[in-house]
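Chemist: The structure's right below; bear with me while I get my questions together.
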Amino acid sequence: MSETSRHERFEEERLSALQQLNLLDTPPSESFDRITRMASQIFNVPISAVSLTDRDRQWFKSRVGVDHCSIPREKAPCGQVAETADVLVISDFARDACYADSLLGRSGIRFYAGAPLVTREGYSLGALCVLGTEPRSVAESEVAALKDLAAMVMAQIELQHAFGRIDSLSGLPNRNQFLDDLADLAVERPNEDRLVILVDLARPEQISAYARVMGPARVDDLVRDAARELRRLVGQERTLYHTAATQFVFLAPQDVQQDDYVRRLMEGHQGARQRSMTGMLLTSAIGVTVFTPHETGPQDVLRALYSAVQDARTSPDLVSVYSSVADEAYQRRYRLLQDFGPALLADDQLRLVFQPRIDLPTGRCIGAEALLRWNHPVLGAVSPGEFVPVIEHSPHAQAMTAFVLETALVQARRWQEAGRRLVVSVNVSAANLHETSFGNSVQAVLQRHGLAPEHLELEVTESSVMQDADEGRRQLDALAAAGIRLAIDDFGTGYSSLAYLQDLPVHVVKIDQSFVRKLADGEREHSLLRSMIGLSHDLGYRVVAEGVETGEVAELLKAMNCDEVQGYFFARPLEVSQFAAWPQEYERSDRCEQQSGV
């Protein structure tokens with residue numbers, strides 16, 4: 001092979017090594033800029049750069065004292081450094097036959113020194129160079145310093161490539177680099193308030209649907225296109241970070257008007273998306289936060305951005321500024337979710353209380369609804385209205401129902417042994433209706449405690465059944481076939497279709513308290529509730545009214561032939577110790593005598 005052929009082959013291998021590192025045309029990085037600034041200071045010259053030698057250009061990964069980001073490779077001294085992999089010093093361009101009429105020479109540069117950026121495999125990527133407008137000589141110590149700085153540049157390149165500082169898809173600095181740069185900012189500008197912005201390209205389900213239809217390669221194309229568009233909007237002088245699959249982060253310029261800047265960004269981004277057929281299928285959101293580097297750690301900044309962009313998903317304009325109040329509420333919900341598992345295993349946190357169910361015609365207590373209560377070891381008493389919705393949509397949902405069912409039936413057995421034959425109601429979540437073995441597990445608990453199926457009533461909401469109507473119907477059929485009573489809870493707040501309900505094997509309709517509490521408001525409310533009760537009876541359901549808080553409402557319900565009631569007028573949810581004496585005391589009281597005649 002000729003010398004020329006060997007040189008050409010080596011050059012192609014060198015260019016391939018450069019391309020594989022994904023450095024070309026990537027945004028500025030503080031980790032490189034620090035080294036470039038140091039080189040300029042050591043040599044006391046105005047210009048310094050990390051210059052990468054591409055096929056026909058010198059591209060600057062980092063630069064000081066230079067406005068443009070690249071120059072032609074022809075007669076560029078950094079190109080010679082890349083070709084020779086050796087230090088090059090030009091003391092005076094005007095006296096150098098090769099470079100006197102070069103682009104740099106004609107632009108007033110008189111001094112150059114460059115040290116090669118050499119990979120472990122021996123390929124020179126370019127140079128760390130310093131340039132001045134006055135001729136000067138170079139001491140051996142300065143050459144040694146320049147080589148050390150070039151080695152630091154290469155170490156940084158290898159770190160980024162080997163330890164995940166550059167995202168391989170977009171070629172942008174990734175989350176690790178963002179966190180490191182924030183840490184540097186806390187040292188260099190600790191008290192400087194900064195605005196940071198996160199752009200999330202799409203909802204996860206949108207990406208999944210797009211990948212399912214178009215394939216994962218098209219998702220990659222989407223992300224790359226978005227990265228290029230965002231870099232254009234943000235500007236080359238700003239570093240854009242690729243912090244998650246579809247999320248990009250950048251620091252806004254200092255002293256900008258937050259609302260105006262974010263508005264212009266959103267308009268530009270949405271405009272670009274609308275010009276793309278792909279973009280029209282996806283929904284972007286923007287999260288914003290302001291932080292002071294020495295007060296807020298890098299991880300907390302990123303977490304605040306994630307919190308803000310999630311809030312943006314529910315905002316009309318899909319933009320949200322971080323709210324500490326909303327974030328604290330979310331963290332509390334997460335803590336409840338995290339702590340519920342241990343609570344199930346503890347013996348002093350979870351307990352049941354029971355709210356009596358009253359038969360209106362007789363005024364007797366014929367049942368009780370089991371309600372879960374949680375005394376958190378740190379947060380104290382947590383309202384079920386707060387923790388139950390969180391747990392119902394978590395992996396703990398089935399375990400929560402199992403705990404309530406087991407504990408409730410233990411108590412029902414004790415009442416039966418004491419001569420109180422009460423129907424115990426237990427709420428069931430949508431997650432339970434998705435358990436293929438739920439019906440069998442309920443029957444097993446009843447058998448274990450020696451209780452007949454008619455002593456248990458399971459309450460389900462319309463919405464929980466409709467989440468998976470076919471599977472929900474199968475579960476309800478199995479439970480009804482086993483003799484277990486079924487009730488539709490919170491009737492009127494879900495699909496509210498009596499035509500649909502007549503196809504379900506339910507026995508009881510529990511009218512939601514929002515209708516009951518309005519009963520005393522006027523004739524329209526009377527007519528609505530009277531119709532609900534009448535239609536339910538026509539379809540063969542027993543009707544329970546929830547949330548009865550006054551005697552007037554109880555009288556109205558009695559006149560409408562409502563079967564059962566429960567609410568604060570009769571009793572609040574009672575501790576087991578209180579419930580033990582309550583039924584007898586209630587039925588013997590004068591108040592009970594009055595109610596039995598209502």
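Here, A, B, ... name the chains of the structure tokens in the order displayed, residue numbers run from 1 inside each chain, and ligands are numbered from 1 in the same displayed order.
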Near Thr119 (chain A), within 10 Å and counting only C-alpha atoms, which residues show up once chain neighbours fewer than 2 positions away are dropped, as a PyMOL selection string?

Modeler: chain A and resi 14+17-18+116-117+121-125+151+154-155+157-158

Chemist: Please provide the set of residues having any atom within 9 Å of Ala554 (chain A), restricted to only C-alpha atoms, with same-chain residues fewer than 2 positions apart removed, written as JSON, numbers by chain.

Modeler: {"A": [360, 548, 549, 550, 551, 552, 556, 557, 558, 559, 565, 569, 595, 598]}

Chemist: Could those residues be written to a file, using C-alpha atoms, as a PDB file, in the first residue's frame?

Modeler:
ATOM      1  CA  LEU A 360     -86.464   3.023  58.097  1.00  0.00           C
ATOM      2  CA  VAL A 548     -78.689  11.661  56.295  1.00  0.00           C
ATOM      3  CA  GLU A 549     -77.870  14.460  58.696  1.00  0.00           C
ATOM      4  CA  THR A 550     -81.225  15.863  59.830  1.00  0.00           C
ATOM      5  CA  GLY A 551     -84.567  14.544  61.055  1.00  0.00           C
ATOM      6  CA  GLU A 552     -86.345  16.467  58.299  1.00  0.00           C
ATOM      7  CA  LEU A 556     -88.855  12.882  53.712  1.00  0.00           C
ATOM      8  CA  LEU A 557     -87.034   9.634  52.858  1.00  0.00           C
ATOM      9  CA  LYS A 558     -89.486   7.626  54.930  1.00  0.00           C
ATOM     10  CA  ALA A 559     -92.355   9.220  53.000  1.00  0.00           C
ATOM     11  CA  VAL A 565     -80.508   5.143  55.739  1.00  0.00           C
ATOM     12  CA  PHE A 569     -78.247  12.001  62.256  1.00  0.00           C
ATOM     13  CA  GLN A 595     -87.793   7.608  64.350  1.00  0.00           C
ATOM     14  CA  VAL A 598     -91.463   8.464  61.020  1.00  0.00           C
TER      15      VAL A 598
END

Chemist: Give me, as an mmCIF file with N, CA and C atoms, in the first residue's frame, all polymer residues having an atom no more than 8 Å from region 395-404 of chain A, counting only C-alpha atoms and skipping those fewer than 2 positions away in the same chain.

Modeler:
data_model
loop_
_atom_site.group_PDB
_atom_site.id
_atom_site.type_symbol
_atom_site.label_atom_id
_atom_site.label_comp_id
_atom_site.auth_asym_id
_atom_site.auth_seq_id
_atom_site.Cartn_x
_atom_site.Cartn_y
_atom_site.Cartn_z
ATOM 1 N N PHE A 340 -47.992 2.658 53.328
ATOM 2 C CA PHE A 340 -49.174 1.828 53.559
ATOM 3 C C PHE A 340 -48.820 0.351 53.684
ATOM 4 N N GLY A 341 -47.820 -0.094 52.935
ATOM 5 C CA GLY A 341 -47.393 -1.493 53.052
ATOM 6 C C GLY A 341 -46.976 -1.852 54.463
ATOM 7 N N LEU A 344 -49.921 -2.150 56.859
ATOM 8 C CA LEU A 344 -50.670 -3.402 56.805
ATOM 9 C C LEU A 344 -50.061 -4.474 57.709
ATOM 10 N N LEU A 352 -60.701 -0.624 61.857
ATOM 11 C CA LEU A 352 -62.004 -0.377 61.264
ATOM 12 C C LEU A 352 -62.919 0.317 62.240
ATOM 13 N N ALA A 370 -68.280 -1.106 57.107
ATOM 14 C CA ALA A 370 -66.913 -1.106 57.632
ATOM 15 C C ALA A 370 -66.099 -0.035 56.919
ATOM 16 N N LEU A 371 -65.496 0.843 57.697
ATOM 17 C CA LEU A 371 -64.727 1.958 57.151
ATOM 18 C C LEU A 371 -63.323 1.933 57.731
ATOM 19 N N LEU A 372 -62.347 2.065 56.870
ATOM 20 C CA LEU A 372 -60.943 1.957 57.276
ATOM 21 C C LEU A 372 -60.436 3.286 57.827
ATOM 22 N N ILE A 391 -54.490 4.752 47.562
ATOM 23 C CA ILE A 391 -54.208 3.325 47.660
ATOM 24 C C ILE A 391 -55.013 2.533 46.634
ATOM 25 N N GLU A 392 -56.234 2.981 46.328
ATOM 26 C CA GLU A 392 -57.071 2.256 45.369
ATOM 27 C C GLU A 392 -56.453 2.192 43.983
ATOM 28 N N HIS A 393 -55.594 3.146 43.663
ATOM 29 C CA HIS A 393 -54.959 3.166 42.345
ATOM 30 C C HIS A 393 -53.496 2.742 42.433
ATOM 31 N N GLU A 406 -61.120 -9.165 55.943
ATOM 32 C CA GLU A 406 -60.758 -10.078 57.036
ATOM 33 C C GLU A 406 -61.155 -9.500 58.391
ATOM 34 N N THR A 407 -60.793 -8.238 58.616
ATOM 35 C CA THR A 407 -61.075 -7.614 59.916
ATOM 36 C C THR A 407 -62.569 -7.459 60.130
ATOM 37 N N ALA A 408 -63.306 -7.083 59.078
ATOM 38 C CA ALA A 408 -64.749 -6.896 59.202
ATOM 39 C C ALA A 408 -65.457 -8.204 59.518
ATOM 40 N N VAL A 426 -68.684 -4.007 52.983
ATOM 41 C CA VAL A 426 -67.271 -3.749 52.714
ATOM 42 C C VAL A 426 -67.143 -3.166 51.310
ATOM 43 N N ASN A 427 -66.386 -2.080 51.196
ATOM 44 C CA ASN A 427 -66.166 -1.455 49.888
ATOM 45 C C ASN A 427 -65.133 -2.227 49.087
ATOM 46 N N VAL A 428 -65.400 -2.346 47.792
ATOM 47 C CA VAL A 428 -64.522 -3.073 46.881
ATOM 48 C C VAL A 428 -64.070 -2.124 45.782
ATOM 49 N N SER A 429 -62.780 -2.157 45.429
ATOM 50 C CA SER A 429 -62.239 -1.262 44.410
ATOM 51 C C SER A 429 -62.238 -1.930 43.043
ATOM 52 N N ALA A 431 -59.705 -2.583 41.321
ATOM 53 C CA ALA A 431 -58.619 -3.561 41.266
ATOM 54 C C ALA A 431 -59.095 -4.943 41.698
ATOM 55 N N ASN A 432 -60.027 -4.997 42.668
ATOM 56 C CA ASN A 432 -60.535 -6.291 43.116
ATOM 57 C C ASN A 432 -61.350 -6.978 42.037
#

Chemist: Taking the backbone alone, and naming residues the way the document does, which bits of region 178-281 of chain A are helix (DSSP H, G or I) by DSSP, as a PyMOL selection string?

Modeler: chain A and resi 178-188+204-214+216-234+258-274+279-281

Chemist: Just the number, please: distance in Å from CA of Ala581 (chain A) to CA of Leu451 (chain A), one decimal.

Modeler: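 For CA of Ala581 (chain A) relative to CA of Leu451 (chain A), the distance reads 22.1 Å.
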
Chemist: Just to confirm, what's the straight-line distance from CA of Cys69 (chain A) to CA of Leu52 (chain A) in Å (one decimal)?

Modeler: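 Taking CA of Cys69 (chain A) and CA of Leu52 (chain A), their separation equals 10.7 Å.
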
Chemist: Taking the DSSP secondary structure from the backbone, can you list the residues of region 322-403 of chain A that are strand (DSSP E or B), as a ChimeraX atom specification?

Modeler: /A:350-359,364-376,380-382

Chemist: Would you kindly return, as a list in words, each protein, DNA or RNA residue with an atom no farther than 7 Å from any atom of region 192-208 of chain A, considering only C-alpha atoms and excluding same-chain residues fewer than 4 positions away?

Modeler: Arg212, Thr246, Gln247, Phe248, Val249, Phe250, Leu251, Ala252, Gln254, Leu282, Thr283, Ser284, Ala285, Ile286, Gly287, Val288, Thr289, Val290, Phe291, Thr292, Pro293 and Leu305 of chain A

Chemist: Just to be explicit: take each residue in the selection above, keep N, CA and C atoms, and write the result as an mmCIF file, in the first residue's frame.

Modeler:
data_model
loop_
_atom_site.group_PDB
_atom_site.id
_atom_site.type_symbol
_atom_site.label_atom_id
_atom_site.label_comp_id
_atom_site.auth_asym_id
_atom_site.auth_seq_id
_atom_site.Cartn_x
_atom_site.Cartn_y
_atom_site.Cartn_z
ATOM 1 N N ARG A 212 -46.139 1.838 18.724
ATOM 2 C CA ARG A 212 -46.881 0.633 18.339
ATOM 3 C C ARG A 212 -47.291 0.691 16.875
ATOM 4 N N THR A 246 -38.051 11.706 26.485
ATOM 5 C CA THR A 246 -38.706 12.750 25.695
ATOM 6 C C THR A 246 -38.614 14.113 26.372
ATOM 7 N N GLN A 247 -37.627 14.277 27.261
ATOM 8 C CA GLN A 247 -37.549 15.517 28.038
ATOM 9 C C GLN A 247 -36.212 16.214 27.827
ATOM 10 N N PHE A 248 -36.296 17.541 27.668
ATOM 11 C CA PHE A 248 -35.130 18.381 27.429
ATOM 12 C C PHE A 248 -35.154 19.555 28.407
ATOM 13 N N VAL A 249 -33.960 19.919 28.889
ATOM 14 C CA VAL A 249 -33.836 20.956 29.914
ATOM 15 C C VAL A 249 -32.786 21.967 29.478
ATOM 16 N N PHE A 250 -33.000 23.231 29.834
ATOM 17 C CA PHE A 250 -31.979 24.247 29.601
ATOM 18 C C PHE A 250 -32.173 25.406 30.567
ATOM 19 N N LEU A 251 -31.073 26.111 30.812
ATOM 20 C CA LEU A 251 -31.108 27.320 31.631
ATOM 21 C C LEU A 251 -31.400 28.518 30.735
ATOM 22 N N ALA A 252 -32.368 29.340 31.136
ATOM 23 C CA ALA A 252 -32.693 30.530 30.361
ATOM 24 C C ALA A 252 -31.600 31.578 30.549
ATOM 25 N N GLN A 254 -29.848 35.014 31.648
ATOM 26 C CA GLN A 254 -30.057 35.802 32.856
ATOM 27 C C GLN A 254 -30.883 37.047 32.537
ATOM 28 N N LEU A 282 -48.919 14.580 19.075
ATOM 29 C CA LEU A 282 -48.346 14.536 20.412
ATOM 30 C C LEU A 282 -48.597 15.851 21.142
ATOM 31 N N THR A 283 -48.573 15.795 22.450
ATOM 32 C CA THR A 283 -48.874 16.965 23.268
ATOM 33 C C THR A 283 -47.668 17.318 24.126
ATOM 34 N N SER A 284 -47.040 18.439 23.842
ATOM 35 C CA SER A 284 -45.894 18.895 24.622
ATOM 36 C C SER A 284 -46.360 19.662 25.851
ATOM 37 N N ALA A 285 -45.521 19.662 26.869
ATOM 38 C CA ALA A 285 -45.790 20.441 28.078
ATOM 39 C C ALA A 285 -44.474 21.039 28.559
ATOM 40 N N ILE A 286 -44.570 22.170 29.263
ATOM 41 C CA ILE A 286 -43.377 22.877 29.725
ATOM 42 C C ILE A 286 -43.476 23.110 31.233
ATOM 43 N N GLY A 287 -42.436 22.693 31.947
ATOM 44 C CA GLY A 287 -42.318 22.953 33.379
ATOM 45 C C GLY A 287 -41.212 23.954 33.636
ATOM 46 N N VAL A 288 -41.449 24.867 34.568
ATOM 47 C CA VAL A 288 -40.524 25.972 34.835
ATOM 48 C C VAL A 288 -40.264 26.065 36.331
ATOM 49 N N THR A 289 -39.031 26.360 36.704
ATOM 50 C CA THR A 289 -38.741 26.671 38.099
ATOM 51 C C THR A 289 -37.596 27.676 38.172
ATOM 52 N N VAL A 290 -37.574 28.418 39.238
ATOM 53 C CA VAL A 290 -36.494 29.366 39.522
ATOM 54 C C VAL A 290 -35.760 28.862 40.760
ATOM 55 N N PHE A 291 -34.432 28.888 40.721
ATOM 56 C CA PHE A 291 -33.670 28.374 41.856
ATOM 57 C C PHE A 291 -32.419 29.211 42.076
ATOM 58 N N THR A 292 -31.902 29.137 43.289
ATOM 59 C CA THR A 292 -30.627 29.744 43.645
ATOM 60 C C THR A 292 -29.639 28.614 43.861
ATOM 61 N N PRO A 293 -28.551 28.548 43.087
ATOM 62 C CA PRO A 293 -27.674 27.362 43.091
ATOM 63 C C PRO A 293 -27.205 26.903 44.455
ATOM 64 N N LEU A 305 -38.555 20.431 38.451
ATOM 65 C CA LEU A 305 -38.947 20.504 37.042
ATOM 66 C C LEU A 305 -39.913 19.379 36.685
#

Chemist: When distances are computed from only C-alpha atoms, which of A:Gln19, A:Thr36, A:Ser170, A:Ser91 shows the smallest separation from Gly105 (chain A)?

Modeler: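 Looking at the shortest contact to Gly105 (chain A), the residue is A:Ser91.
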
Chemist: What lies within 8 Å of region 381-387 of chain A using only C-alpha atoms, ignoring chain neighbours under 4 positions off, as JSON, numbers by chain?

Modeler: {"A": [333, 336, 337, 372, 373, 374, 375, 376, 391]}

Chemist: Any chance you can output those residues with N, CA and C atoms as a JSON list (two decimals), in the first residue's frame?

Modeler:
[["chain", "number", "residue", "atom", "x", "y", "z"],
["A", 333, "ARG", "N", -48.77, 12.47, 49.32],
["A", 333, "ARG", "CA", -49.46, 11.33, 48.73],
["A", 333, "ARG", "C", -48.49, 10.17, 48.50],
["A", 336, "LEU", "N", -47.72, 8.48, 51.77],
["A", 336, "LEU", "CA", -48.80, 7.60, 52.19],
["A", 336, "LEU", "C", -48.75, 6.28, 51.42],
["A", 337, "LEU", "N", -48.51, 6.37, 50.14],
["A", 337, "LEU", "CA", -48.41, 5.17, 49.32],
["A", 337, "LEU", "C", -47.25, 4.30, 49.78],
["A", 372, "LEU", "N", -62.35, 2.07, 56.87],
["A", 372, "LEU", "CA", -60.94, 1.96, 57.28],
["A", 372, "LEU", "C", -60.44, 3.29, 57.83],
["A", 373, "ARG", "N", -59.67, 3.21, 58.89],
["A", 373, "ARG", "CA", -59.02, 4.38, 59.47],
["A", 373, "ARG", "C", -57.52, 4.08, 59.63],
["A", 374, "TRP", "N", -56.72, 5.15, 59.50],
["A", 374, "TRP", "CA", -55.25, 5.00, 59.55],
["A", 374, "TRP", "C", -54.68, 6.05, 60.49],
["A", 375, "ASN", "N", -54.01, 5.56, 61.52],
["A", 375, "ASN", "CA", -53.27, 6.45, 62.42],
["A", 375, "ASN", "C", -51.79, 6.31, 62.08],
["A", 376, "HIS", "N", -51.29, 7.23, 61.25],
["A", 376, "HIS", "CA", -49.91, 7.18, 60.78],
["A", 376, "HIS", "C", -48.97, 7.53, 61.93],
["A", 391, "ILE", "N", -54.49, 4.75, 47.56],
["A", 391, "ILE", "CA", -54.21, 3.33, 47.66],
["A", 391, "ILE", "C", -55.01, 2.53, 46.63]]

Chemist: For Gly367 (chain A), please output as a ChimeraX atom specification all residues within 12 Å (counting only C-alpha atoms; exclusion window: fewer than 3 positions along the same chain).

Modeler: /A:354-359,363-364,370,408,412,415-416,420-426,454-457,544,564-566,579,583

Chemist: Please produce a file of those selected residues containing C-alpha atoms, as a short mmCIF file (atom, residue, chain, number, x, y, z; two decimals), in the first residue's frame.

Modeler:
data_model
loop_
_atom_site.label_atom_id
_atom_site.label_comp_id
_atom_site.auth_asym_id
_atom_site.auth_seq_id
_atom_site.Cartn_x
_atom_site.Cartn_y
_atom_site.Cartn_z
CA PHE A 354 -68.48 0.88 61.69
CA GLN A 355 -71.34 3.16 60.65
CA PRO A 356 -74.81 1.78 61.46
CA ARG A 357 -77.35 1.16 58.71
CA ILE A 358 -80.92 1.80 59.82
CA ASP A 359 -84.04 0.09 58.51
CA GLY A 363 -86.00 2.06 63.01
CA ARG A 364 -83.75 -0.89 63.81
CA ALA A 370 -66.91 -1.11 57.63
CA ALA A 408 -64.75 -6.90 59.20
CA ALA A 412 -69.15 -9.86 62.28
CA TRP A 415 -71.32 -9.91 66.87
CA GLN A 416 -73.04 -13.10 65.77
CA ARG A 420 -76.25 -9.57 66.92
CA ARG A 421 -76.93 -10.77 63.39
CA LEU A 422 -75.81 -7.75 61.35
CA VAL A 423 -75.00 -7.45 57.66
CA VAL A 424 -71.49 -6.04 57.28
CA SER A 425 -70.77 -3.91 54.20
CA VAL A 426 -67.27 -3.75 52.71
CA GLU A 454 -75.94 -13.25 53.40
CA HIS A 455 -74.06 -11.63 56.30
CA LEU A 456 -71.74 -9.88 53.87
CA GLU A 457 -72.51 -7.09 51.45
CA VAL A 544 -80.15 2.95 50.92
CA GLU A 564 -82.49 2.10 54.65
CA VAL A 565 -80.51 5.14 55.74
CA GLN A 566 -77.16 5.91 57.24
CA PHE A 579 -70.68 -0.04 68.59
CA PRO A 583 -77.59 -0.67 68.89
#
